[in-house]
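Structure file entry.csv with CSV, C-alpha atoms:
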chain,number,residue,atom,x,y,z
A,1,MET,CA,-123.7,-185.0,-152.4
A,2,VAL,CA,-122.4,-185.0,-156.0
A,3,HIS,CA,-120.6,-187.2,-158.4
A,4,GLY,CA,-117.4,-185.5,-159.8
A,5,HIS,CA,-116.0,-186.6,-163.1
A,6,CYS,CA,-113.0,-184.3,-163.4
A,7,GLY,CA,-109.6,-185.8,-164.3
A,8,LEU,CA,-108.2,-184.9,-160.9
A,9,CYS,CA,-111.0,-186.7,-159.0
A,10,ARG,CA,-110.6,-189.7,-161.2
A,11,ARG,CA,-106.9,-189.9,-160.7
A,12,ASN,CA,-107.1,-189.3,-157.0
A,13,SER,CA,-109.7,-192.0,-156.5
A,14,GLY,CA,-108.5,-194.4,-159.2
A,15,ALA,CA,-112.2,-194.8,-159.8
A,16,SER,CA,-114.5,-193.7,-162.6
A,17,PHE,CA,-115.7,-190.7,-160.7
A,18,ALA,CA,-115.7,-189.4,-157.1
A,19,THR,CA,-118.7,-189.1,-154.9
A,20,SER,CA,-118.4,-186.2,-152.4
A,21,ALA,CA,-120.5,-184.4,-149.8
A,22,ILE,CA,-120.0,-180.9,-148.5
A,23,VAL,CA,-119.9,-180.9,-144.7
A,24,GLY,CA,-119.3,-178.1,-142.3
A,25,ALA,CA,-115.7,-178.1,-141.1
A,26,SER,CA,-116.9,-178.0,-137.5
A,27,ASP,CA,-119.2,-181.0,-138.1
A,28,LEU,CA,-116.4,-183.4,-138.9
A,29,SER,CA,-113.9,-184.5,-136.3
A,30,VAL,CA,-111.1,-187.0,-136.7
A,31,VAL,CA,-111.4,-189.2,-133.6
A,32,ALA,CA,-108.3,-191.3,-134.3
A,33,GLY,CA,-105.3,-191.4,-136.5
A,34,GLN,CA,-104.9,-187.7,-137.2
A,35,GLU,CA,-101.1,-188.2,-137.3
A,36,LEU,CA,-101.5,-190.5,-140.3
A,37,ILE,CA,-103.4,-188.0,-142.4
A,38,ALA,CA,-101.2,-186.5,-145.2
A,39,SER,CA,-102.2,-184.0,-147.8
A,40,PHE,CA,-101.2,-182.4,-151.0
A,41,GLU,CA,-102.2,-179.3,-152.9
A,42,SER,CA,-104.0,-180.6,-156.0
A,43,SER,CA,-104.8,-177.2,-157.4
A,44,ARG,CA,-104.0,-173.8,-156.1
A,45,GLY,CA,-105.6,-173.3,-152.6
A,46,TYR,CA,-107.2,-176.8,-152.6
A,47,ARG,CA,-105.7,-179.6,-150.5
A,48,ARG,CA,-106.6,-183.2,-150.7
A,49,HIS,CA,-106.2,-185.1,-147.5
A,50,PHE,CA,-105.5,-188.9,-147.5
A,51,CYS,CA,-104.4,-191.7,-145.2
A,52,SER,CA,-100.7,-192.0,-145.5
A,53,ARG,CA,-100.8,-195.7,-144.5
A,54,CYS,CA,-103.3,-196.9,-147.2
A,55,GLY,CA,-103.7,-193.9,-149.5
A,56,SER,CA,-107.5,-193.7,-149.0
A,57,PRO,CA,-108.7,-190.2,-150.0
A,58,LEU,CA,-110.6,-188.7,-147.1
A,59,TYR,CA,-111.6,-185.1,-147.7
A,60,GLY,CA,-110.6,-181.9,-149.5
A,61,THR,CA,-110.2,-178.4,-148.0
A,62,SER,CA,-110.2,-175.0,-149.8
A,63,ASP,CA,-108.5,-171.8,-148.7
A,64,GLN,CA,-111.4,-170.0,-150.3
A,65,ALA,CA,-114.0,-171.7,-148.1
A,66,PRO,CA,-112.4,-172.8,-144.9
A,67,GLN,CA,-115.8,-173.4,-143.3
A,68,ILE,CA,-116.5,-176.5,-145.4
A,69,LEU,CA,-114.9,-179.9,-146.2
A,70,VAL,CA,-115.4,-182.0,-149.3
A,71,LEU,CA,-115.9,-185.5,-147.9
A,72,ARG,CA,-115.1,-188.6,-149.9
A,73,CYS,CA,-118.3,-190.6,-149.4
A,74,GLY,CA,-116.8,-194.0,-150.2
A,75,THR,CA,-115.0,-193.9,-146.9
A,76,LEU,CA,-118.3,-193.8,-144.9
A,77,ASP,CA,-119.2,-196.8,-142.8
A,78,ALA,CA,-122.9,-195.9,-142.4
A,79,ASP,CA,-125.5,-194.7,-144.8
A,80,PRO,CA,-125.2,-190.9,-144.8
A,81,LEU,CA,-129.0,-190.7,-145.6
A,82,VAL,CA,-128.3,-188.2,-148.3
A,83,ARG,CA,-128.3,-189.0,-152.0
A,84,PRO,CA,-126.4,-187.6,-155.0
A,85,SER,CA,-128.1,-184.6,-156.6
A,86,ALA,CA,-125.9,-184.0,-159.6
A,87,HIS,CA,-123.0,-184.9,-161.8
A,88,LEU,CA,-120.2,-182.3,-162.2
A,89,HIS,CA,-117.5,-182.0,-164.9
A,90,VAL,CA,-119.3,-184.5,-167.1
A,91,ARG,CA,-117.3,-183.3,-170.1
A,92,ASP,CA,-114.3,-184.9,-168.5
A,93,ARG,CA,-115.9,-188.2,-167.7
A,94,ALA,CA,-114.1,-191.5,-168.2
A,95,PRO,CA,-114.7,-192.7,-171.8
A,96,TRP,CA,-116.4,-195.9,-170.5
A,97,ILE,CA,-119.0,-194.0,-168.4
A,98,GLU,CA,-122.5,-193.4,-169.7
A,99,ILE,CA,-124.6,-191.5,-167.4
A,100,SER,CA,-128.1,-193.0,-167.5
A,101,ASP,CA,-129.7,-191.6,-164.4
A,102,ASP,CA,-131.8,-188.4,-164.4
A,103,LEU,CA,-129.7,-186.3,-162.0
A,104,GLU,CA,-128.8,-182.8,-163.0
A,105,LYS,CA,-125.6,-182.7,-165.1
A,106,PHE,CA,-123.1,-179.9,-165.4
A,107,GLU,CA,-120.5,-179.9,-168.1
A,108,GLY,CA,-118.0,-178.2,-165.8
A,109,PRO,CA,-118.2,-177.0,-162.2
A,110,VAL,CA,-121.4,-175.8,-160.5
A,111,GLY,CA,-121.7,-172.1,-160.9
A,112,PRO,CA,-122.2,-169.9,-157.8
A,113,GLY,CA,-125.9,-169.4,-158.7
A,114,ASP,CA,-126.5,-173.2,-158.5
A,115,ALA,CA,-124.1,-174.2,-155.7
A,116,ARG,CA,-126.4,-173.8,-152.8
A,117,ARG,CA,-129.2,-175.6,-154.5
A,118,ILE,CA,-127.0,-178.5,-155.7
A,119,TYR,CA,-125.0,-179.0,-152.6
A,120,PHE,CA,-127.6,-178.4,-149.9
A,121,SER,CA,-131.1,-179.2,-151.0
A,122,GLY,CA,-133.5,-181.9,-152.0
A,123,THR,CA,-131.5,-185.0,-151.5
A,124,SER,CA,-131.8,-185.8,-147.8
A,125,LEU,CA,-133.7,-188.9,-146.6
A,126,LEU,CA,-134.0,-187.3,-143.2
A,127,GLY,CA,-137.2,-185.5,-144.0
A,128,LYS,CA,-135.6,-182.1,-144.2
A,129,GLY,CA,-132.8,-180.4,-146.1
A,130,SER,CA,-129.4,-181.8,-145.4
A,131,GLU,CA,-128.0,-178.4,-144.7
B,1,MET,CA,-112.5,-204.4,-166.8
B,2,TYR,CA,-115.1,-204.5,-164.1
B,3,TYR,CA,-116.7,-202.5,-161.3
B,4,CYS,CA,-116.2,-203.6,-157.7
B,5,HIS,CA,-118.5,-202.4,-155.0
B,6,CYS,CA,-116.9,-204.0,-152.0
B,7,SER,CA,-116.3,-201.9,-149.0
B,8,LEU,CA,-112.5,-202.1,-149.2
B,9,CYS,CA,-112.6,-200.8,-152.7
B,10,ARG,CA,-114.9,-198.0,-151.7
B,11,ARG,CA,-112.7,-197.0,-148.8
B,12,SER,CA,-109.5,-197.2,-150.7
B,13,SER,CA,-110.9,-195.1,-153.5
B,14,GLY,CA,-113.1,-192.8,-151.5
B,15,ALA,CA,-115.5,-193.4,-154.4
B,16,SER,CA,-118.8,-195.2,-154.8
B,17,PHE,CA,-117.1,-198.2,-156.5
B,18,THR,CA,-113.8,-198.9,-158.2
B,19,THR,CA,-113.2,-199.6,-161.9
B,20,THR,CA,-110.5,-202.2,-162.4
B,21,ALA,CA,-108.7,-203.8,-165.3
B,22,ILE,CA,-106.7,-206.9,-165.1
B,23,VAL,CA,-103.3,-206.6,-166.8
B,24,GLY,CA,-100.3,-208.9,-167.1
B,25,ARG,CA,-97.5,-207.8,-164.9
B,26,ARG,CA,-95.2,-208.0,-167.9
B,27,ASP,CA,-97.4,-205.6,-169.8
B,28,PHE,CA,-97.2,-203.0,-167.2
B,29,ALA,CA,-94.2,-200.8,-166.3
B,30,VAL,CA,-93.7,-197.9,-163.9
B,31,THR,CA,-91.6,-195.5,-166.0
B,32,ALA,CA,-91.2,-192.8,-163.4
B,33,GLY,CA,-91.7,-192.3,-159.7
B,34,GLN,CA,-91.3,-195.9,-158.6
B,35,GLU,CA,-89.7,-194.7,-155.3
B,36,LEU,CA,-93.0,-192.9,-154.5
B,37,VAL,CA,-95.2,-196.0,-154.9
B,38,ALA,CA,-96.2,-197.3,-151.5
B,39,GLY,CA,-98.2,-200.4,-150.7
B,40,PHE,CA,-100.2,-202.0,-147.9
B,41,GLU,CA,-101.7,-205.4,-147.4
B,42,SER,CA,-105.5,-204.8,-147.5
B,43,SER,CA,-106.3,-208.5,-147.1
B,44,GLU,CA,-104.1,-211.6,-146.7
B,45,GLY,CA,-101.8,-211.8,-149.6
B,46,VAL,CA,-103.2,-208.8,-151.5
B,47,ARG,CA,-101.4,-205.5,-151.6
B,48,ARG,CA,-102.8,-202.2,-152.8
B,49,HIS,CA,-100.2,-199.9,-154.2
B,50,PHE,CA,-100.7,-196.1,-154.2
B,51,CYS,CA,-98.8,-192.9,-154.6
B,52,SER,CA,-97.3,-191.8,-151.3
B,53,ARG,CA,-97.4,-188.2,-152.4
B,54,CYS,CA,-101.0,-187.9,-153.3
B,55,GLY,CA,-102.7,-191.1,-152.1
B,56,SER,CA,-104.0,-192.1,-155.6
B,57,PRO,CA,-104.7,-195.8,-155.8
B,58,LEU,CA,-102.7,-197.3,-158.6
B,59,TYR,CA,-102.9,-201.1,-158.7
B,60,SER,CA,-103.1,-204.2,-156.6
B,61,SER,CA,-101.1,-207.4,-156.6
B,62,ALA,CA,-101.8,-210.8,-155.2
B,63,GLU,CA,-99.3,-213.4,-154.0
B,64,ARG,CA,-101.4,-216.2,-155.4
B,65,SER,CA,-101.3,-214.6,-158.9
B,66,PRO,CA,-97.9,-213.0,-159.3
B,67,GLY,CA,-98.3,-212.6,-163.1
B,68,THR,CA,-101.3,-210.3,-162.7
B,69,LEU,CA,-102.0,-206.8,-161.7
B,70,TRP,CA,-105.3,-205.1,-161.0
B,71,LEU,CA,-105.1,-201.6,-162.4
B,72,GLN,CA,-107.3,-198.8,-161.1
B,73,CYS,CA,-108.6,-197.3,-164.3
B,74,GLY,CA,-109.4,-193.8,-163.1
B,75,THR,CA,-105.7,-193.2,-163.1
B,76,LEU,CA,-105.4,-193.7,-166.9
B,77,ASP,CA,-104.7,-190.7,-169.1
B,78,GLU,CA,-106.0,-192.3,-172.3
B,79,ASP,CA,-108.9,-194.3,-173.3
B,80,PRO,CA,-107.9,-198.0,-172.6
B,81,ARG,CA,-110.3,-199.1,-175.4
B,82,VAL,CA,-111.8,-201.7,-173.2
B,83,ARG,CA,-115.1,-201.3,-171.4
B,84,PRO,CA,-116.4,-202.6,-168.2
B,85,SER,CA,-118.2,-205.9,-168.6
B,86,PHE,CA,-119.5,-206.8,-165.2
B,87,HIS,CA,-120.1,-205.7,-161.6
B,88,ILE,CA,-118.9,-207.7,-158.6
B,89,GLN,CA,-119.7,-207.4,-154.9
B,90,THR,CA,-123.0,-205.7,-155.6
B,91,GLY,CA,-124.3,-206.9,-152.3
B,92,SER,CA,-121.9,-204.4,-150.6
B,93,ARG,CA,-122.7,-201.5,-152.9
B,94,ALA,CA,-123.0,-198.0,-151.5
B,95,PRO,CA,-126.5,-197.2,-150.4
B,96,TRP,CA,-126.8,-194.4,-152.9
B,97,ILE,CA,-125.8,-196.5,-155.9
B,98,GLU,CA,-128.5,-197.9,-158.2
B,99,ILE,CA,-127.0,-200.0,-160.9
B,100,ALA,CA,-128.9,-199.1,-164.1
B,101,ASP,CA,-126.8,-200.8,-166.8
B,102,ASP,CA,-127.3,-204.3,-168.1
B,103,LEU,CA,-123.9,-205.7,-167.3
B,104,GLU,CA,-123.7,-209.0,-165.6
B,105,ARG,CA,-123.8,-208.7,-161.8
B,106,PHE,CA,-122.4,-210.8,-159.0
B,107,GLU,CA,-123.6,-210.3,-155.4
B,108,GLY,CA,-120.2,-211.4,-154.2
B,109,THR,CA,-117.1,-212.8,-155.9
B,110,PRO,CA,-117.6,-214.7,-159.2
B,111,GLY,CA,-116.9,-218.4,-158.9
B,112,SER,CA,-113.9,-219.9,-160.6
B,113,ALA,CA,-116.0,-221.1,-163.5
B,114,ASP,CA,-117.0,-217.5,-164.3
B,115,LEU,CA,-113.7,-215.9,-163.7
B,116,GLU,CA,-111.8,-216.8,-166.9
B,117,ARG,CA,-114.8,-216.0,-169.1
B,118,LEU,CA,-115.3,-212.7,-167.4
B,119,TYR,CA,-111.7,-211.5,-167.1
B,120,PHE,CA,-110.5,-212.4,-170.6
B,121,SER,CA,-113.4,-212.2,-172.9
B,122,GLU,CA,-114.6,-208.7,-172.4
B,123,SER,CA,-115.7,-205.9,-174.7
Would you mind writing the file's structure down as structure tokens?
Amino acid sequence: MVHGHCGLCRRNSGASFATSAIVGASDLSVVAGQELIASFESSRGYRRHFCSRCGSPLYGTSDQAPQILVLRCGTLDADPLVRPSAHLHVRDRAPWIEISDDLEKFEGPVGPGDARRIYFSGTSLLGKGSE
Amino acid sequence: MYYCHCSLCRRSSGASFTTTAIVGRRDFAVTAGQELVAGFESSEGVRRHFCSRCGSPLYSSAERSPGTLWLQCGTLDEDPRVRPSFHIQTGSRAPWIEIADDLERFEGTPGSADLERLYFSES
């Protein structure tokens, strides 16, 4: 779970930053309203899926990594029992945002060497990794 | 400009909370793409307007306050040169959010006595 401050995430959420969790594509199922989910390609090979009725951003998918989804955590009804582990794209943060927590910060995206650690470790409240 | 932590704002943005500025309707104009702006009634008399092509939340309007729009600040290209001055609906905040700043906080909606002071005397 990470906070993303890039300009695309800010625009797409209308918020100061987006909060997203990586989930396995096979671990998420849409149980109702699939026909209402629209999408657009926000950058090459990356699609953002949203509710066509209310605009709510739901998740992103990537051609490069079809086995995962990037879930918009604000849409969750229940506590996911994971916590954010990092801020990404902080150089693009909104001018009114001062980051005062002690989470790890990346000026841009997470590099491949850090991705597994950032996305999948150390933030679960379940007593084990959230992988 | 303020942060709202209510569950409707969280769902509508997909984010941890929304950042909203109150603007006069006469001070706001859609200069392109009006035909792509959709809306839905998220609570009685309140409409949330969003881009039908990409879902981005744009602004809200309320029947009881037709001269006002509530602008979703993440959509702004440039620094609006105002800064958030308070949090509302902190009782509904996402379980992973700890508010560490020293802005004024309201567990729910500010009372009418606070609203004018908060909305129109901010940094």
Contact residues (chain B, partner chain A, 9 Å, all atoms listed in the file) as a VMD selection string: chain B and resid 7 to 20 38 to 42 48 to 59 71 to 84 94 to 98 100 to 101
Contacts of Arg91 of chain A at 9 Å (only C-alpha atoms; same-chain gap of 5+ positions) as a tab-separated table (two decimals) with C-alpha atoms, in the frame of the given file:
chain	number	residue	atom	x	y	z
A	5	HIS	CA	-116.00	-186.60	-163.10
A	6	CYS	CA	-113.00	-184.30	-163.40
A	106	PHE	CA	-123.10	-179.90	-165.40
A	107	GLU	CA	-120.50	-179.90	-168.10
A	108	GLY	CA	-118.00	-178.20	-165.80
Distance criterion (only C-alpha atoms): nearest to Gly45 of chain A out of A:Ser26, A:Gln67, A:Thr61, A:Ser85: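 Closest residue, counting only C-alpha atoms: A:Thr61.
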Interatomic distance, atom CA of Gly24 of chain B to atom CA of Cys4 of chain B (Å, one decimal):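 Rounded to one decimal, the two atoms are 19.2 Å apart.
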